[in-house]
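Data block below; observations after.
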Amino acid sequence: MRKPSTSTLILVAAVLVGIFVVSGGTYVVDEREQVIITQFGKPVGKPITEAGLRFKIPLIQKVNRFPKLLLEWDGDPGQIPTLDKTFIWVDTFARWRIVDPLLFFQTVGNEIWAQKKLDDIIDPAVRNAITSYHLIEAVRNTNRSPQELKLAGGEEAVGQELRVPIRVGREKITEIIQEQAAKKLLSFGIELVDVRIKRINYVEDVRKSVYERMVQERKRIAEKIRSEGKKQANIIEGNKTKRLLELRSQAYREAMEIKGEADAEAIRIYAEAYSRDPEFYAFIQSLEVFEQALDDKSILVLDTGSDLWNYLKRIEAPPSRRSEFK
Amino acid sequence: MPWNPREGQNGGLGGRRKSSPEEIFRWFGEGLRGKGPSPWLILAILAGIWILTSCVYKVDVEEVGIVQRFGRYVRTTQPGLHFKLPAGIERLTKVPIRKVFTEDFGLRTLRPGVRTEYAPSQQYLAESLMLTGDLNVAIVPWIVQYRINDPYRYLFKVRNVRETLRDLSEAIVRQVVGDRSVNEVLNRREFIAVEAKNALQKALDEADTGIRLVNLELKTTNVPKQVQPAFNDVNKAIQDKQKMIRAAEEQYNREIPAAEGKAKQIVQEALGYKIERVNRAKGDTKRFMAIWKEYKQAPEVTRRRLFLETMSKALPNVGRKVVLDQDLKGILPFLDLDRKGGAQ
């Protein structure tokens, strides 16, 4: 193996130095980044927030990059008692960005520490806010009118909780949290854009009693619906009975009226005719009754003094022209 | 393109194996002194390949290309074949802006398709369990579909857009559900979805995510299985109620028309009675008048005749006849009135 010539070595060395100067003396700032240049650990100049190609002194100056983007922070879900002493799990998240990279660099240093700072500041703020209000304030956001809350069957089945108006509401509570935490975070060069409650849930023990309450409430509703049904069925049945009695009595009344008219008419007709000769009518009617009354089971006792025997008993001429009927 | 010794050897030196760095260096030196093909030529060729591959790029139909020069955003390119400055100067990021992404909450899509299958929601209960406005617990699974609307914002404004979307989506759906009763959550899903979609879009815009929601859909909402029987019982109660009412109405409809018919019958019968009664009265009186008219011509004779005629008609039918003298008194006790008639 032969040694490379000196000129070759010089050429290679020059190329290497050139690469070093270019790579060490320039740096690229991405759209997503902001940069602080430090010289032996000390910040130099203003933070660079514009993206593009920049120059620096190789070796001596160091590039410290920080995200310019909106960053997220996920809270540690913790068990917090509300003002009404219900234990709930609250899971929060927040969004933040580094607005003062220099301050951020000096006070926090990097993102991992920033997350820790956020934990230390936002978690207690959440705790404070939740414990100072009733649970309903953290769950609900507005006082929606309960008229809209009706079952499909027209049953109103709203828990008492919805009728209680809220004073603050979830959005306001998160604003309180944010306000409280944002002030403190500003001194670290951090802007807290918002804090939101991701999840609220009952802890296990509370959940059990809530389920029990839900079951009781449903039972009450079901019972109410059933008795409502019974009520309406009874109303219909009562109506039915009323209608039946009404129909029957009305028919009876009408029938009696008609019969009465009929009888009156008949009486009028009879009276008109028979009053021409009441005596004759009585005679004719007696004969008819007599004829109809006698049958093979009757025993007829005839007195010889009766008209039938009149002529048989006394053959002489009658003393008067008219015979008497008994 | 990475520096690959094997490739260089195959392309330029035809089968001679040089794998260790020393050997390559030596070969390089040999080349400089005129042995073998010029290494500068090889370098030039490799540089050409590198420039070509890093300068020409293709953007697919569903994407746009975002080009950054030294980290700075310079342009957005539409689908097609494009040029850019080589790597190190300009960087390309492709963003699929026409693709619709789906995020599932409280469930997971197993096999997307016309009939999408979902994994059981029990597994993701933490995502879907939420408190309603009446402090009940409901299970609300939902999906969010979105497109990247503004690739610049999507890339440069928010870190981890997907996570932001998930967090915001959970917070907002819970906020909307938190204002509603459990009944509404169970029966009025569409309204909740519409409200949540609007609120979520607003929050995404405020956060500069560059995302546009395509759809937010609530899947079948439910209550925890511990309370499901009680909720089902309410539904059953509604049915029971309707059943009771229907039964009563049926009974009504069965009895009332019959009673109406009966009432009409009674009235009609009375009318019939009236007609009969009047007709009979008229008949009777007509007959009487007829007889009376004749009777008036000769009252004495007719009277006797009528009497005797009746007697002669009636007497033969009589079972037993007893003739008593009018002077005889106290005969009745001796008559055997108990004997049933008929014996002559």
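Letters A, B, ... go to the chains of the structure tokens in the order shown; residues in each chain start at 1; ligands are counted from 1 in the same order.
Within region 170-297 of chain B, the backbone-based DSSP assignment of strand (DSSP E or B) covers Ile211, Arg212, Leu213, Val214, Asn215, Leu216, Glu217, Leu218 and Asn222 of chain B.
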Give me the residues within 8 Å of region 190-206 of chain B as a PyMOL selection string, counting only C-alpha atoms and dropping any in the same chain fewer than 2 places off.
chain B and resi 165+168-169+172-173+176-177+185+188+208-213+215-218
I'd like the contact shell of Arg32 (chain A) - 9 Å cut-off, only C-alpha atoms, skipping same-chain residues fewer than 4 positions apart - returned as an MDAnalysis selection string.
(chainID A and resid 51 66:69) or (chainID B and resid 71 155:159)
Write a file of the selected residues as a CSV table (one decimal), in the first residue's frame, keeping N, CA and C atoms.
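Result saved to selection_23.csv:
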chain,number,residue,atom,x,y,z
A,51,ALA,N,-38.6,31.8,10.5
A,51,ALA,CA,-38.0,30.6,9.9
A,51,ALA,C,-37.0,31.0,8.8
A,66,PHE,N,-36.7,25.8,20.5
A,66,PHE,CA,-38.0,25.7,21.3
A,66,PHE,C,-39.2,25.7,20.3
A,67,PRO,N,-40.1,24.8,20.6
A,67,PRO,CA,-41.3,24.8,19.7
A,67,PRO,C,-42.1,26.1,19.7
A,68,LYS,N,-42.6,26.5,18.6
A,68,LYS,CA,-43.4,27.8,18.4
A,68,LYS,C,-44.8,27.4,18.4
A,69,LEU,N,-45.1,26.1,18.2
A,69,LEU,CA,-46.4,25.6,18.0
A,69,LEU,C,-47.3,25.7,19.3
B,71,GLY,N,-36.2,25.6,6.1
B,71,GLY,CA,-37.1,25.6,7.2
B,71,GLY,C,-38.3,26.5,7.0
B,155,LEU,N,-49.7,21.8,9.6
B,155,LEU,CA,-48.3,21.4,9.8
B,155,LEU,C,-47.6,22.3,10.8
B,156,PHE,N,-47.9,23.6,10.8
B,156,PHE,CA,-47.0,24.5,11.5
B,156,PHE,C,-47.6,25.2,12.7
B,157,LYS,N,-48.9,25.0,13.0
B,157,LYS,CA,-49.5,25.8,14.1
B,157,LYS,C,-49.7,25.0,15.3
B,158,VAL,N,-50.0,23.7,15.2
B,158,VAL,CA,-50.3,22.9,16.4
B,158,VAL,C,-49.5,21.7,16.4
B,159,ARG,N,-48.9,21.4,17.5
B,159,ARG,CA,-48.2,20.1,17.5
B,159,ARG,C,-49.2,19.0,17.9
If DSSP is run on the backbone, what residues of region 24-246 of chain A are helix (DSSP H, G or I)? A reply as a PyMOL selection string would be ideal.
chain A and resi 24-25+101-107+111-131+135-139+146-148+160-163+170-186+204-246
Can those selected residues be exported to a file as an mmCIF file, in the first residue's frame so that it contains C-alpha atoms?
data_model
loop_
_atom_site.group_PDB
_atom_site.id
_atom_site.type_symbol
_atom_site.label_atom_id
_atom_site.label_comp_id
_atom_site.auth_asym_id
_atom_site.auth_seq_id
_atom_site.Cartn_x
_atom_site.Cartn_y
_atom_site.Cartn_z
ATOM 1 C CA GLY A 24 -21.170 24.962 12.229
ATOM 2 C CA GLY A 25 -21.666 28.510 11.062
ATOM 3 C CA PRO A 101 -38.409 31.829 24.670
ATOM 4 C CA LEU A 102 -35.687 33.769 26.465
ATOM 5 C CA LEU A 103 -37.585 33.800 29.734
ATOM 6 C CA PHE A 104 -38.589 30.216 29.163
ATOM 7 C CA PHE A 105 -34.986 29.230 28.534
ATOM 8 C CA GLN A 106 -33.784 30.985 31.637
ATOM 9 C CA THR A 107 -36.507 29.879 34.044
ATOM 10 C CA GLU A 111 -40.117 21.120 27.674
ATOM 11 C CA ILE A 112 -39.885 18.280 30.153
ATOM 12 C CA TRP A 113 -39.436 20.751 32.962
ATOM 13 C CA ALA A 114 -42.168 22.896 31.514
ATOM 14 C CA GLN A 115 -44.603 19.985 31.708
ATOM 15 C CA LYS A 116 -43.633 19.566 35.331
ATOM 16 C CA LYS A 117 -44.243 23.279 35.981
ATOM 17 C CA LEU A 118 -47.625 23.037 34.301
ATOM 18 C CA ASP A 119 -48.479 20.054 36.509
ATOM 19 C CA ASP A 120 -47.475 22.009 39.585
ATOM 20 C CA ILE A 121 -49.547 25.035 38.677
ATOM 21 C CA ILE A 122 -52.615 23.773 36.820
ATOM 22 C CA ASP A 123 -53.409 20.700 38.930
ATOM 23 C CA PRO A 124 -53.863 22.694 42.164
ATOM 24 C CA ALA A 125 -55.832 25.336 40.279
ATOM 25 C CA VAL A 126 -58.197 22.632 39.024
ATOM 26 C CA ARG A 127 -58.458 21.228 42.515
ATOM 27 C CA ASN A 128 -59.266 24.639 43.963
ATOM 28 C CA ALA A 129 -61.891 25.393 41.395
ATOM 29 C CA ILE A 130 -63.645 22.028 41.636
ATOM 30 C CA THR A 131 -63.750 21.987 45.425
ATOM 31 C CA LEU A 135 -70.790 19.111 41.180
ATOM 32 C CA ILE A 136 -73.647 20.315 39.016
ATOM 33 C CA GLU A 137 -71.730 23.493 38.229
ATOM 34 C CA ALA A 138 -68.888 21.491 36.739
ATOM 35 C CA VAL A 139 -71.176 19.195 34.799
ATOM 36 C CA PRO A 146 -86.269 21.856 31.214
ATOM 37 C CA GLN A 147 -89.335 22.088 28.974
ATOM 38 C CA GLU A 148 -87.268 20.608 26.242
ATOM 39 C CA GLN A 160 -84.521 17.392 40.264
ATOM 40 C CA GLU A 161 -80.954 18.376 39.430
ATOM 41 C CA LEU A 162 -81.931 19.837 36.085
ATOM 42 C CA ARG A 163 -84.415 22.161 37.689
ATOM 43 C CA ARG A 170 -68.326 24.392 33.337
ATOM 44 C CA GLU A 171 -67.000 26.967 30.930
ATOM 45 C CA LYS A 172 -66.783 29.580 33.654
ATOM 46 C CA ILE A 173 -65.010 27.158 35.998
ATOM 47 C CA THR A 174 -62.385 26.360 33.391
ATOM 48 C CA GLU A 175 -61.960 30.063 32.811
ATOM 49 C CA ILE A 176 -61.355 30.536 36.529
ATOM 50 C CA ILE A 177 -58.761 27.772 36.459
ATOM 51 C CA GLN A 178 -57.096 29.254 33.437
ATOM 52 C CA GLU A 179 -57.017 32.746 34.890
ATOM 53 C CA GLN A 180 -55.491 31.484 38.088
ATOM 54 C CA ALA A 181 -52.822 29.406 36.383
ATOM 55 C CA ALA A 182 -52.085 31.709 33.464
ATOM 56 C CA LYS A 183 -50.838 34.515 35.678
ATOM 57 C CA LYS A 184 -48.273 32.260 37.302
ATOM 58 C CA LEU A 185 -47.186 30.687 34.041
ATOM 59 C CA LEU A 186 -46.571 34.006 32.356
ATOM 60 C CA GLU A 204 -66.253 3.845 42.211
ATOM 61 C CA ASP A 205 -68.160 4.148 45.540
ATOM 62 C CA VAL A 206 -70.134 7.147 44.419
ATOM 63 C CA ARG A 207 -70.880 5.472 41.125
ATOM 64 C CA LYS A 208 -72.583 2.593 42.899
ATOM 65 C CA SER A 209 -74.881 4.866 44.859
ATOM 66 C CA VAL A 210 -75.575 6.911 41.744
ATOM 67 C CA TYR A 211 -76.579 3.767 39.897
ATOM 68 C CA GLU A 212 -78.852 2.904 42.755
ATOM 69 C CA ARG A 213 -80.401 6.341 42.611
ATOM 70 C CA MET A 214 -80.823 6.016 38.855
ATOM 71 C CA VAL A 215 -82.579 2.689 39.322
ATOM 72 C CA GLN A 216 -84.867 4.188 41.968
ATOM 73 C CA GLU A 217 -85.644 7.139 39.761
ATOM 74 C CA ARG A 218 -86.491 4.904 36.831
ATOM 75 C CA LYS A 219 -88.690 2.774 39.040
ATOM 76 C CA ARG A 220 -90.544 5.848 40.131
ATOM 77 C CA ILE A 221 -90.984 6.962 36.544
ATOM 78 C CA ALA A 222 -92.134 3.512 35.450
ATOM 79 C CA GLU A 223 -94.636 3.380 38.255
ATOM 80 C CA LYS A 224 -95.913 6.813 37.405
ATOM 81 C CA ILE A 225 -96.347 5.820 33.790
ATOM 82 C CA ARG A 226 -98.185 2.645 34.740
ATOM 83 C CA SER A 227 -100.547 4.402 37.138
ATOM 84 C CA GLU A 228 -101.071 7.059 34.497
ATOM 85 C CA GLY A 229 -102.111 4.266 32.170
ATOM 86 C CA LYS A 230 -104.422 2.851 34.795
ATOM 87 C CA LYS A 231 -105.894 6.274 35.332
ATOM 88 C CA GLN A 232 -106.626 6.794 31.668
ATOM 89 C CA ALA A 233 -108.032 3.287 31.354
ATOM 90 C CA ASN A 234 -110.310 3.992 34.323
ATOM 91 C CA ILE A 235 -111.433 7.237 32.770
ATOM 92 C CA ILE A 236 -112.316 5.421 29.579
ATOM 93 C CA GLU A 237 -114.123 2.737 31.530
ATOM 94 C CA GLY A 238 -116.052 5.333 33.511
ATOM 95 C CA ASN A 239 -116.986 7.076 30.296
ATOM 96 C CA LYS A 240 -118.167 3.780 28.972
ATOM 97 C CA THR A 241 -120.419 3.127 31.952
ATOM 98 C CA LYS A 242 -121.783 6.653 31.806
ATOM 99 C CA ARG A 243 -122.515 6.300 28.126
ATOM 100 C CA LEU A 244 -124.193 2.955 28.660
ATOM 101 C CA LEU A 245 -126.470 4.297 31.390
ATOM 102 C CA GLU A 246 -127.163 7.356 29.339
#
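Between CA of Gln175 (chain B) and CA of Thr221 (chain B) the separation is 15.8 Å.
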